[in-house]
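Novice: My structure is in model-v3.cif, and what it holds is mmCIF, C-alpha atoms:
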```cif
data_start
loop_
_atom_site.label_atom_id
_atom_site.label_comp_id
_atom_site.auth_asym_id
_atom_site.auth_seq_id
_atom_site.Cartn_x
_atom_site.Cartn_y
_atom_site.Cartn_z
CA MET R 537 0.00 0.00 0.00
CA THR R 538 1.04 3.60 -0.05
CA VAL R 539 3.06 6.08 1.98
CA SER R 540 1.89 9.67 1.92
CA THR R 541 3.68 12.81 3.04
CA TRP R 542 2.08 15.21 5.50
CA THR R 543 3.36 18.69 6.16
CA ALA R 544 3.42 20.29 9.60
CA GLN R 545 0.60 22.52 8.36
CA GLN R 546 -1.62 19.48 7.71
CA VAL R 547 -0.90 18.14 11.18
CA ALA R 548 -1.66 21.58 12.67
CA GLN R 549 -5.10 21.45 11.01
CA LYS R 550 -5.74 18.09 12.71
CA VAL R 551 -4.88 19.64 16.07
CA ILE R 552 -7.03 22.71 15.56
CA ASN R 553 -9.99 20.77 14.10
CA ASN R 554 -9.88 18.28 17.00
CA ASP R 555 -9.49 15.41 14.53
CA GLU R 556 -8.46 11.92 15.52
CA LEU R 557 -4.96 10.77 14.64
CA PHE R 558 -2.73 7.87 15.59
CA ILE R 559 0.92 8.90 15.93
CA LEU R 560 3.62 6.26 15.70
CA ASP R 561 6.60 8.12 17.13
CA VAL R 562 9.83 6.27 16.30
CA ARG R 563 12.24 8.51 18.26
CA ASN R 564 13.87 7.08 21.35
CA ALA R 565 11.86 6.93 24.59
CA ASP R 566 13.56 9.91 26.25
CA ALA R 567 12.89 12.22 23.32
CA PHE R 568 9.24 11.12 23.20
CA ALA R 569 8.76 11.57 26.96
CA ASP R 570 10.30 15.04 26.73
CA TRP R 571 8.27 16.42 23.85
CA LYS R 572 5.73 15.20 21.29
CA ILE R 573 2.97 16.39 18.96
CA GLU R 574 0.01 17.13 21.19
CA GLY R 575 -3.59 16.89 20.03
CA HIS R 576 -6.90 16.67 21.90
CA LYS R 577 -7.81 13.40 20.21
CA PHE R 578 -4.42 11.99 19.33
CA GLU R 579 -3.29 8.52 20.33
CA TYR R 580 0.34 7.48 20.50
CA LEU R 581 2.65 4.54 20.20
CA ASN R 582 6.33 5.12 20.84
CA ILE R 583 8.69 2.47 19.47
CA PRO R 584 12.21 3.59 18.56
CA TYR R 585 13.02 2.93 14.90
CA PHE R 586 16.08 0.88 15.85
CA GLU R 587 13.81 -1.71 17.47
CA LEU R 588 12.02 -2.17 14.15
CA LEU R 589 15.02 -2.88 11.93
CA ASP R 590 14.19 -6.60 11.74
CA GLY R 591 10.58 -5.91 10.82
CA VAL R 592 7.37 -4.25 11.91
CA GLU R 593 5.22 -7.38 12.34
CA GLU R 594 5.31 -7.07 16.13
CA ILE R 595 3.62 -3.69 16.21
CA LEU R 596 0.94 -4.40 13.59
CA PRO R 597 -1.63 -5.56 16.21
CA LYS R 598 -1.13 -2.27 18.06
CA LEU R 599 -2.00 -0.08 15.06
CA PRO R 600 -5.64 0.96 14.46
CA ALA R 601 -7.41 0.00 11.24
CA ASP R 602 -9.89 2.88 11.36
CA LYS R 603 -7.65 5.91 11.92
CA ASP R 604 -5.03 7.85 10.03
CA ILE R 605 -1.55 6.76 11.09
CA LEU R 606 1.28 9.28 11.06
CA VAL R 607 4.86 8.12 11.57
CA VAL R 608 7.07 10.76 13.22
CA CYS R 609 10.77 11.02 13.99
CA ALA R 610 13.30 13.78 14.70
CA LYS R 611 14.05 14.80 11.10
CA GLU R 612 12.16 12.42 8.79
CA GLY R 613 14.61 9.72 7.68
CA SER R 614 13.60 7.06 10.18
CA SER R 615 9.90 7.77 9.80
CA ILE R 616 10.16 7.25 6.03
CA MET R 617 11.91 3.92 6.60
CA VAL R 618 9.28 2.71 9.08
CA ALA R 619 6.41 4.03 6.96
CA GLU R 620 7.70 2.11 3.96
CA MET R 621 8.00 -1.06 6.03
CA LEU R 622 4.39 -0.64 7.17
CA ALA R 623 3.26 -0.04 3.58
CA GLU R 624 4.89 -3.32 2.56
CA GLU R 625 2.75 -5.00 5.21
CA GLY R 626 -0.33 -3.58 3.49
CA LEU R 627 -1.02 -0.45 5.52
CA ASP R 628 -1.77 3.07 4.32
CA VAL R 629 0.37 5.40 6.42
CA ALA R 630 1.83 8.89 6.30
CA TYR R 631 5.05 10.38 7.61
CA LEU R 632 5.69 13.93 8.82
CA GLN R 633 7.82 15.84 6.35
CA GLY R 634 10.83 17.30 8.16
CA GLY R 635 9.93 15.47 11.37
CA MET R 636 9.82 17.17 14.76
CA LYS R 637 12.17 19.84 13.42
CA SER R 638 9.55 21.12 11.03
CA TRP R 639 6.84 20.67 13.68
CA SER R 640 8.84 22.91 16.02
CA MET R 641 9.01 25.61 13.34
CA TYR R 642 5.43 25.70 12.03
CA LEU R 643 3.28 28.78 12.76
CA GLU R 644 -0.50 28.92 12.31
CA PRO R 645 -1.97 32.43 12.10
CA ILE R 646 -5.44 32.61 13.67
CA LYS R 647 -7.64 35.68 13.90
CA VAL R 648 -8.46 36.51 17.50
CA ALA R 649 -10.83 39.42 16.92
CA ASP R 650 -11.87 42.40 14.87
CA LEU R 651 -10.76 45.63 16.46
CA THR R 652 -12.21 49.14 16.31
CA ASP R 653 -12.95 50.47 12.81
CA GLY R 654 -11.86 47.46 10.78
CA GLY R 655 -8.69 46.64 12.70
CA GLU R 656 -7.69 43.02 13.22
CA LEU R 657 -5.77 41.09 15.85
CA TYR R 658 -4.00 37.85 14.90
CA GLN R 659 -2.35 35.25 17.09
CA PHE R 660 0.42 33.18 15.48
CA VAL R 661 0.33 29.79 17.19
CA ARG R 662 3.56 27.83 17.10
CA LEU R 663 1.98 24.52 18.07
CA GLY R 664 5.21 22.53 18.29
CA LYS R 665 6.94 24.89 20.69
CA GLY R 666 3.98 26.53 22.42
CA CYS R 667 5.04 30.06 21.37
CA LEU R 668 2.43 32.72 20.62
CA SER R 669 3.17 35.86 18.60
CA TYR R 670 0.77 38.70 17.76
CA MET R 671 0.03 41.07 14.92
CA ILE R 672 -2.25 44.08 15.11
CA ILE R 673 -3.37 45.43 11.74
CA SER R 674 -5.25 48.66 11.16
CA GLY R 675 -5.54 51.11 8.31
CA GLY R 676 -2.57 49.74 6.36
CA GLU R 677 -0.24 49.61 9.37
CA ALA R 678 0.88 46.71 11.53
CA ALA R 679 2.50 46.15 14.90
CA ILE R 680 4.04 42.83 15.94
CA ILE R 681 4.61 41.55 19.45
CA ASP R 682 6.93 38.67 20.43
CA ALA R 683 7.75 37.57 16.89
CA VAL R 684 9.56 34.23 16.63
CA ARG R 685 12.55 33.90 14.34
CA PHE R 686 10.70 32.98 11.13
CA THR R 687 10.56 36.58 10.02
CA GLU R 688 9.16 35.92 6.55
CA VAL R 689 5.96 34.47 8.05
CA PHE R 690 5.25 37.88 9.56
CA THR R 691 6.51 40.03 6.70
CA ASN R 692 4.57 37.94 4.15
CA PHE R 693 1.42 38.03 6.25
CA ALA R 694 1.60 41.80 6.59
CA ALA R 695 2.21 42.12 2.83
CA GLU R 696 -0.83 39.94 2.07
CA LYS R 697 -2.88 42.24 4.26
CA GLY R 698 -1.44 45.31 2.55
CA ALA R 699 0.00 46.55 5.83
CA THR R 700 3.32 48.25 6.57
CA ILE R 701 5.02 47.02 9.73
CA LYS R 702 5.62 50.09 11.89
CA HIS R 703 6.32 48.80 15.39
CA VAL R 704 7.92 45.58 16.61
CA PHE R 705 7.93 44.76 20.33
CA ASP R 706 9.37 42.07 22.55
CA THR R 707 7.68 41.83 25.95
CA HIS R 708 11.00 40.64 27.42
CA LEU R 709 14.33 39.06 26.55
CA HIS R 710 13.24 35.53 25.67
CA ALA R 711 15.07 32.46 26.96
CA ASP R 712 13.16 29.63 25.29
CA HIS R 713 13.10 30.75 21.66
CA ILE R 714 15.00 33.07 19.36
CA SER R 715 13.28 36.38 18.69
CA GLY R 716 12.71 37.59 15.15
CA GLY R 717 11.83 41.08 16.36
CA ARG R 718 14.93 43.09 15.60
CA HIS R 719 15.42 41.34 12.24
CA ILE R 720 11.88 42.20 11.13
CA ALA R 721 12.48 45.80 12.21
CA ALA R 722 15.76 45.92 10.28
CA GLN R 723 14.10 44.56 7.12
CA THR R 724 11.08 46.85 7.24
CA GLY R 725 12.38 50.02 8.84
CA ALA R 726 10.02 49.53 11.78
CA THR R 727 10.95 50.61 15.31
CA TYR R 728 12.12 47.77 17.54
CA TYR R 729 11.30 48.06 21.24
CA LEU R 730 12.77 46.04 24.10
CA PRO R 731 12.49 46.70 27.86
CA GLU R 732 15.66 48.51 28.90
CA LYS R 733 16.08 46.48 32.10
CA ASP R 734 16.27 43.27 30.04
CA ALA R 735 18.64 44.84 27.53
CA GLU R 736 21.69 45.65 29.63
CA GLU R 737 23.85 43.20 27.71
CA VAL R 738 22.43 43.57 24.21
CA VAL R 739 24.83 44.66 21.50
CA PHE R 740 22.38 46.21 19.01
CA ASP R 741 20.36 49.42 18.93
CA TYR R 742 16.78 49.37 20.16
CA THR R 743 14.16 51.75 21.45
CA ALA R 744 13.45 51.48 25.18
CA LEU R 745 10.04 50.02 25.94
CA GLU R 746 8.86 52.02 28.92
CA ASP R 747 5.87 51.81 31.20
CA GLY R 748 3.06 53.96 29.85
CA LEU R 749 4.36 54.11 26.27
CA THR R 750 1.51 54.13 23.78
CA VAL R 751 1.57 53.81 20.03
CA LYS R 752 -1.38 54.20 17.67
CA ILE R 753 -1.81 51.82 14.78
CA GLY R 754 -3.38 53.05 11.53
CA ALA R 755 -5.97 55.67 10.83
CA SER R 756 -8.37 54.26 13.40
CA GLN R 757 -5.72 54.89 16.07
CA ILE R 758 -5.88 51.52 17.75
CA GLU R 759 -3.98 51.97 20.95
CA VAL R 760 -1.18 49.68 22.07
CA GLY R 761 -0.22 50.60 25.62
CA ALA R 762 2.74 49.26 27.60
CA LEU R 763 2.41 48.22 31.24
CA TYR R 764 5.55 47.42 33.25
CA SER R 765 4.96 43.98 34.78
CA PRO R 766 8.22 42.43 36.02
CA GLY R 767 8.69 38.97 37.47
CA HIS R 768 9.58 36.52 34.70
CA THR R 769 12.37 38.94 33.86
CA ILE R 770 13.04 42.28 35.51
CA GLY R 771 11.99 44.15 32.36
CA SER R 772 8.87 42.13 31.46
CA THR R 773 6.22 44.41 30.03
CA SER R 774 2.57 43.71 29.17
CA PHE R 775 0.41 45.41 26.56
CA VAL R 776 -3.19 46.54 26.52
CA ILE R 777 -4.56 46.50 22.96
CA ASP R 778 -7.61 48.51 21.95
CA HIS R 779 -8.73 48.61 25.62
CA ARG R 780 -9.87 44.98 25.25
CA PHE R 781 -6.88 42.66 25.20
CA LEU R 782 -4.06 42.14 27.72
CA LEU R 783 -0.90 40.65 26.26
CA THR R 784 0.83 39.18 29.29
CA GLY R 785 4.09 37.93 27.74
CA ASP R 786 5.57 35.25 29.99
CA ILE R 787 4.04 36.58 33.20
CA LEU R 788 0.58 35.01 33.14
CA PHE R 789 -0.55 32.01 31.12
CA ILE R 790 -3.94 30.30 30.92
CA ASP R 791 -3.24 27.46 33.32
CA SER R 792 0.06 28.55 34.88
CA ILE R 793 2.23 31.57 35.67
CA GLY R 794 5.69 32.71 34.58
CA ARG R 795 8.79 31.29 36.25
CA PRO R 796 11.24 33.82 37.66
CA ASP R 797 14.47 31.84 37.35
CA LEU R 798 15.47 31.77 33.68
CA ALA R 799 17.83 34.73 34.02
CA GLY R 800 19.27 33.22 37.20
CA LEU R 801 17.60 35.51 39.75
CA ALA R 802 14.54 33.64 41.03
CA GLU R 803 14.78 34.77 44.66
CA ASP R 804 15.27 38.40 43.63
CA TRP R 805 12.30 38.49 41.31
CA VAL R 806 9.68 36.59 43.28
CA ALA R 807 8.41 39.76 44.93
CA ASP R 808 8.13 41.48 41.52
CA LEU R 809 6.23 38.53 40.09
CA ARG R 810 3.83 38.53 43.03
CA GLU R 811 3.25 42.28 42.82
CA THR R 812 2.54 42.05 39.09
CA LEU R 813 0.09 39.16 39.43
CA TYR R 814 -1.57 40.18 42.70
CA SER R 815 -1.55 43.98 42.48
CA ARG R 816 -0.83 45.40 39.02
CA TYR R 817 -3.08 42.93 37.16
CA ARG R 818 -5.74 43.10 39.88
CA ALA R 819 -6.07 46.81 39.16
CA LEU R 820 -7.05 46.09 35.55
CA ALA R 821 -10.53 45.51 34.16
CA GLU R 822 -11.57 41.88 34.60
CA ASP R 823 -13.15 41.88 31.15
CA LEU R 824 -9.78 42.19 29.43
CA ILE R 825 -8.98 39.10 27.38
CA VAL R 826 -5.61 37.66 28.33
CA LEU R 827 -3.35 36.70 25.42
CA PRO R 828 -0.11 35.09 26.69
CA ALA R 829 3.16 34.50 24.87
CA HIS R 830 3.01 30.74 25.46
CA PHE R 831 0.84 27.74 26.10
CA MET R 832 2.17 24.61 27.78
CA ILE R 833 -0.53 21.99 27.24
CA ILE R 834 -3.02 21.44 24.47
CA ASP R 835 -5.93 21.90 26.88
CA GLU R 836 -5.10 25.61 26.97
CA LEU R 837 -6.24 25.96 23.34
CA ASN R 838 -9.80 27.16 22.70
CA GLU R 839 -12.13 25.47 20.20
CA ASP R 840 -10.93 27.73 17.40
CA GLY R 841 -7.25 27.06 18.15
CA THR R 842 -6.58 30.39 19.86
CA VAL R 843 -5.12 30.73 23.34
CA ALA R 844 -7.17 33.44 25.07
CA ARG R 845 -9.17 33.76 28.30
CA ARG R 846 -10.94 36.54 30.22
CA LEU R 847 -8.76 37.99 32.99
CA GLY R 848 -11.55 37.67 35.55
CA ASP R 849 -11.87 33.97 34.74
CA LEU R 850 -8.14 33.49 35.32
CA PHE R 851 -8.40 35.25 38.70
CA ALA R 852 -11.01 32.62 39.58
CA GLN R 853 -9.39 29.56 38.01
CA ASN R 854 -5.62 29.93 37.65
CA HIS R 855 -3.94 28.33 40.67
CA GLY R 856 -0.96 30.70 40.48
CA LEU R 857 -3.29 33.69 41.05
CA ASN R 858 -4.86 32.11 44.10
CA VAL R 859 -2.01 31.55 46.53
CA SER R 860 -2.88 33.92 49.39
CA ASP R 861 0.26 33.30 51.45
CA ALA R 862 3.37 35.12 50.16
CA ASP R 863 5.74 32.47 51.52
CA GLU R 864 3.79 29.68 49.89
CA PHE R 865 3.91 31.65 46.65
CA ARG R 866 7.67 32.01 46.93
CA HIS R 867 8.03 28.25 47.39
CA LEU R 868 5.74 27.60 44.43
CA VAL R 869 7.84 29.65 42.03
CA THR R 870 11.34 28.87 43.34
CA ASP R 871 11.26 25.27 44.60
CA ASN R 872 10.99 22.16 42.45
CA LEU R 873 10.92 24.11 39.21
CA PRO R 874 10.66 22.08 36.02
CA PRO R 875 13.83 21.68 33.90
CA GLN R 876 14.86 24.83 32.05
CA PRO R 877 14.17 25.17 28.32
CA ASN R 878 16.70 23.55 26.00
CA ALA R 879 19.82 25.71 25.52
CA TYR R 880 18.21 28.63 27.38
CA GLN R 881 21.51 30.34 28.20
CA GLU R 882 22.65 30.20 24.58
CA ILE R 883 19.25 31.40 23.38
CA ARG R 884 19.48 34.44 25.68
CA HIS R 885 22.89 35.24 24.20
CA VAL R 886 21.49 34.99 20.66
CA ASN R 887 18.68 37.35 21.65
CA MET R 888 21.27 39.77 23.06
CA GLY R 889 23.01 39.71 19.68
CA LYS R 890 26.22 38.35 21.23
CA VAL R 891 26.30 35.26 19.02
CA THR R 892 24.76 34.53 15.63
CA PRO R 893 24.43 30.79 15.02
CA ASN R 894 23.48 29.50 11.58
CA ASN R 895 19.96 28.35 10.83
CA ASP R 896 20.59 24.67 11.63
CA GLU R 897 22.16 25.57 14.96
CA GLN R 898 19.20 27.81 15.81
CA THR R 899 16.80 24.97 14.97
CA GLU R 900 18.77 22.63 17.22
CA MET R 901 18.72 25.13 20.12
CA GLU R 902 14.96 25.50 19.93
CA ILE R 903 14.15 21.78 20.01
CA GLY R 904 11.78 20.80 22.80
CA PRO R 905 9.00 22.49 24.79
CA ASN R 906 9.21 26.12 25.96
CA ARG R 907 9.10 25.43 29.73
CA CYS R 908 8.57 29.06 30.70
CA ALA R 909 5.83 28.37 33.24
CA VAL R 910 5.40 27.12 36.76
CA ARG R 911 2.16 25.55 37.78
CA MET G 1087 40.86 -2.68 23.38
CA ASN G 1088 40.90 -5.06 20.40
CA ILE G 1089 38.85 -3.66 17.58
CA THR G 1090 37.29 -6.48 15.60
CA LYS G 1091 35.75 -4.39 12.85
CA SER G 1092 35.55 -0.76 11.80
CA LEU G 1093 32.59 1.01 10.16
CA ASP G 1094 32.61 4.41 8.49
CA ALA G 1095 29.12 5.95 8.73
CA LYS G 1096 30.30 9.55 8.34
CA GLY G 1097 28.01 11.80 6.33
CA LEU G 1098 25.04 9.47 6.71
CA ALA G 1099 21.77 10.78 8.14
CA CYS G 1100 19.44 8.98 10.51
CA PRO G 1101 18.50 6.11 10.33
CA MET G 1102 21.45 4.88 8.23
CA PRO G 1103 24.19 5.02 10.91
CA ILE G 1104 22.20 2.68 13.16
CA VAL G 1105 21.03 0.51 10.23
CA LYS G 1106 24.63 -0.04 9.10
CA THR G 1107 25.87 -0.54 12.64
CA LYS G 1108 23.24 -3.18 13.29
CA LYS G 1109 24.17 -5.01 10.08
CA ALA G 1110 27.85 -4.93 11.04
CA MET G 1111 27.07 -6.17 14.55
CA ASP G 1112 25.08 -9.08 13.11
CA THR G 1113 28.31 -10.37 11.54
CA LEU G 1114 30.22 -10.28 14.85
CA ALA G 1115 30.42 -12.71 17.78
CA ALA G 1116 29.71 -11.93 21.44
CA GLY G 1117 32.57 -9.95 22.98
CA ASP G 1118 33.77 -8.54 19.63
CA VAL G 1119 34.25 -4.77 19.41
CA LEU G 1120 32.93 -2.60 16.59
CA GLU G 1121 34.40 0.83 15.92
CA VAL G 1122 31.91 3.25 14.28
CA PHE G 1123 32.51 6.76 12.93
CA VAL G 1124 29.45 9.02 12.54
CA THR G 1125 28.78 12.72 11.95
CA ASP G 1126 25.02 12.79 12.63
CA LYS G 1127 24.55 14.55 15.98
CA GLY G 1128 21.29 12.70 16.58
CA ALA G 1129 23.41 9.55 16.80
CA LEU G 1130 24.60 10.44 20.31
CA ASN G 1131 21.29 9.63 21.99
CA ASP G 1132 20.24 6.98 19.49
CA PHE G 1133 23.39 4.88 19.87
CA ALA G 1134 23.06 4.88 23.65
CA ALA G 1135 19.40 3.88 23.51
CA TRP G 1136 19.96 1.30 20.76
CA ALA G 1137 22.91 -0.33 22.57
CA GLN G 1138 20.95 -0.46 25.81
CA ALA G 1139 17.94 -2.06 24.11
CA GLY G 1140 20.18 -4.76 22.59
CA GLY G 1141 22.31 -5.24 25.69
CA HIS G 1142 25.46 -4.10 23.87
CA ASN G 1143 28.10 -2.23 25.80
CA ILE G 1144 29.45 1.13 24.59
CA LEU G 1145 33.03 0.88 25.87
CA GLU G 1146 33.98 4.36 24.82
CA GLN G 1147 32.72 7.27 22.78
CA LYS G 1148 34.63 10.36 21.77
CA GLU G 1149 34.06 13.50 19.73
CA ASP G 1150 36.76 14.91 17.52
CA GLY G 1151 35.49 17.95 15.65
CA ASP G 1152 32.38 16.82 13.80
CA VAL G 1153 33.19 13.13 14.04
CA ILE G 1154 31.81 10.98 16.85
CA THR G 1155 33.45 7.58 17.37
CA PHE G 1156 31.80 4.71 19.26
CA TYR G 1157 33.43 1.48 20.44
CA ILE G 1158 30.70 -1.06 20.97
CA GLU G 1159 31.14 -4.51 22.50
CA LYS G 1160 28.61 -7.04 21.23
CA ALA G 1161 26.38 -8.75 23.79
#
```
Can you give me the file's structure in the form of structure tokens?

Specialist:
Amino acid sequence: MTVSTWTAQQVAQKVINNDELFILDVRNADAFADWKIEGHKFEYLNIPYFELLDGVEEILPKLPADKDILVVCAKEGSSIMVAEMLAEEGLDVAYLQGGMKSWSMYLEPIKVADLTDGGELYQFVRLGKGCLSYMIISGGEAAIIDAVRFTEVFTNFAAEKGATIKHVFDTHLHADHISGGRHIAAQTGATYYLPEKDAEEVVFDYTALEDGLTVKIGASQIEVGALYSPGHTIGSTSFVIDHRFLLTGDILFIDSIGRPDLAGLAEDWVADLRETLYSRYRALAEDLIVLPAHFMIIDELNEDGTVARRLGDLFAQNHGLNVSDADEFRHLVTDNLPPQPNAYQEIRHVNMGKVTPNNDEQTEMEIGPNRCAVR
Amino acid sequence: MNITKSLDAKGLACPMPIVKTKKAMDTLAAGDVLEVFVTDKGALNDFAAWAQAGGHNILEQKEDGDVITFYIEKA
């Protein structure tokens, strides 16, 4: 029977449409346990490809007859080999083109909302890594927040919409993924903003992102307002968009909160994190819709694939916003933290402009989940 | 260490380094040592996991520039 090729985009559609899928992941057990393709209705079988070299007969009884089967590995070579072996046994199977590497890189743009006077807000969901970037478009102008390194996705999207990119922001100096922000700004002539307190070691020019800064996008003057909200990093800054949306960066997620340790100063920043979550955000309107810079688990996705929740609902439901004792909170965010993101120190140095790895090296650094949260 | 056989898998991408190594191992007897040269970085974890699954013993591994060398004793 036949082997077909699926792109990361096709797999993303299965995730967003809540389709069923059976994933045969042929990476080794550690890699699978660390990070896999998550879907609401996905089932998995993990057998390393090197255990199938003598044949696939053993696993045939474990494969469903009534579901699509996708074979996945790190790059694609092993998944092609296993898929072909399964096809020889009479099965119709697919493999993921480019493997987990391409899954890590794929971005799905999803419209979050229409804004005042024909403006639009898009969330770019990087399903494989859990990164969320944003574009605000209005009256032929665009602003981008927390762009990942695939700059052409953003520049092409803006071009399709007939918009000129005017402002590019990073909410903080990222440690889990490489920012595309300053490169987009350099290509388009846009202004690149970074919080000054996160930028002490950067070696490129930027505009300081300060508390209270507002920019207006397009003729309809959609307002993007900055709100200093430290805790994940000392410079972390949130944005209020069109008086309706709160972009929280890596401070507040749907089902977790930001971790304060990725720049090495957890104890120092706990008090900042608590003040941001328990005072600064409490002072905001509960009807704001929170749009974070990451998701951790697939359950944080809404039906339409977006990651968004009303602030008031998070005050009621997010455990990290409901720890009344300050000491207990400090323990929560400094003790027993999950492992740090892959290569997080190197990624910070790339984002400071101190080193410029080639594309393959950047891909390698970004392998794995983002791990920016504590729950 | 007595090297029984040597295998050059440099420049090969996954899964070929493991496929060739397995084929070479199949020709050896228990206690023989296979020397393998690879350049695929993914091989580092895969060789360890593959050897463990088959009970083989990685006596030594070293990196010299882009080349990783494994010395594997057959179970």

Novice: Using all atoms listed in the file, which chain R residues lie at most 7 Å away from chain G, written as a PyMOL selection string?

Specialist: chain R and resi 564+586+613-614

Novice: Any chance you could resolve the PyMOL selection byres ((chain G and resi 1126) around 10) against this file and give the residues as a list in words?

Specialist: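 Output from the PyMOL selection byres ((chain G and resi 1126) around 10), applied to this file: Ala1095, Lys1096, Gly1097, Leu1098, Ala1099, Cys1100, Pro1101, Met1102, Pro1103, Phe1123, Val1124, Thr1125, Lys1127, Gly1128, Ala1129, Leu1130, Asp1152, Val1153 and Ile1154 of chain G.
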
Novice: Neighbours of Val760 in chain R within 7 Å (only C-alpha atoms; same-chain residues fewer than 5 positions away dropped), as an MDAnalysis selection string?

Specialist: chainID R and resid 750:752 775:778

Novice: Hey, can you check how far CA of Asp1112 in chain G sits from CA of Asp561 in chain R?

Specialist: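 For CA of Asp1112 in chain G relative to CA of Asp561 in chain R, the distance reads 25.6 Å.
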
Novice: CA of Gln876 in chain R and CA of Asp863 in chain R, how far apart in Å?

Specialist: 22.8 Å

Novice: Just give me the gap between CA of Leu809 in chain R and CA of Ile834 in chain R in Å, one decimal is fine.

Specialist: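 Atom-to-atom, CA of Leu809 in chain R to CA of Ile834 in chain R, that is 24.9 Å.
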
Novice: Need to verify the contact set: Glu620 in chain R, 10 Å, all atoms listed in the file, exclusion of same-chain residues closer than 6 positions in sequence. Can you return it as a ChimeraX atom specification?

Specialist: /R:537-540,614,626-631

Novice: Once the PyMOL selection byres ((chain R and resi 641) around 12) has been applied to the shown file, what residues remain in the selection, as number ranges by chain?

Specialist: R: 543-545, 548, 634-640, 642-644, 660-667, 684-687, 689, 713-714, 895-896, 898-905

Novice: Quick check on the file I pasted: which residues fall under the PyMOL selection byres ((chain R and resi 875) around 12)? Write them as a ChimeraX atom specification.

Specialist: /R:570,712,795,797-798,871-874,876-880,904-910

Novice: Of the residues R:Gly654, R:Lys550, R:Thr769, R:Lys697, which is the one nearest to Ala755 in chain R, using all atoms listed in the file?

Specialist: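 Among the listed residues, the smallest separation from Ala755 in chain R belongs to R:Gly654.
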
Novice: Tell me, as a list of chain:residue names, which residues lie within 12 Å of Leu581 in chain R, counting only C-alpha atoms; anything in the same chain fewer than 4 positions away does not count.

Specialist: R:Leu557, R:Phe558, R:Ile559, R:Leu560, R:Asp561, R:Val562, R:Arg563, R:Asn564, R:Ala565, R:Phe568, R:Ala569, R:Lys572, R:Ile573, R:Tyr585, R:Ile595, R:Leu596, R:Pro597, R:Lys598, R:Leu599, R:Pro600, R:Ile605, R:Leu606, R:Val607, R:Val608
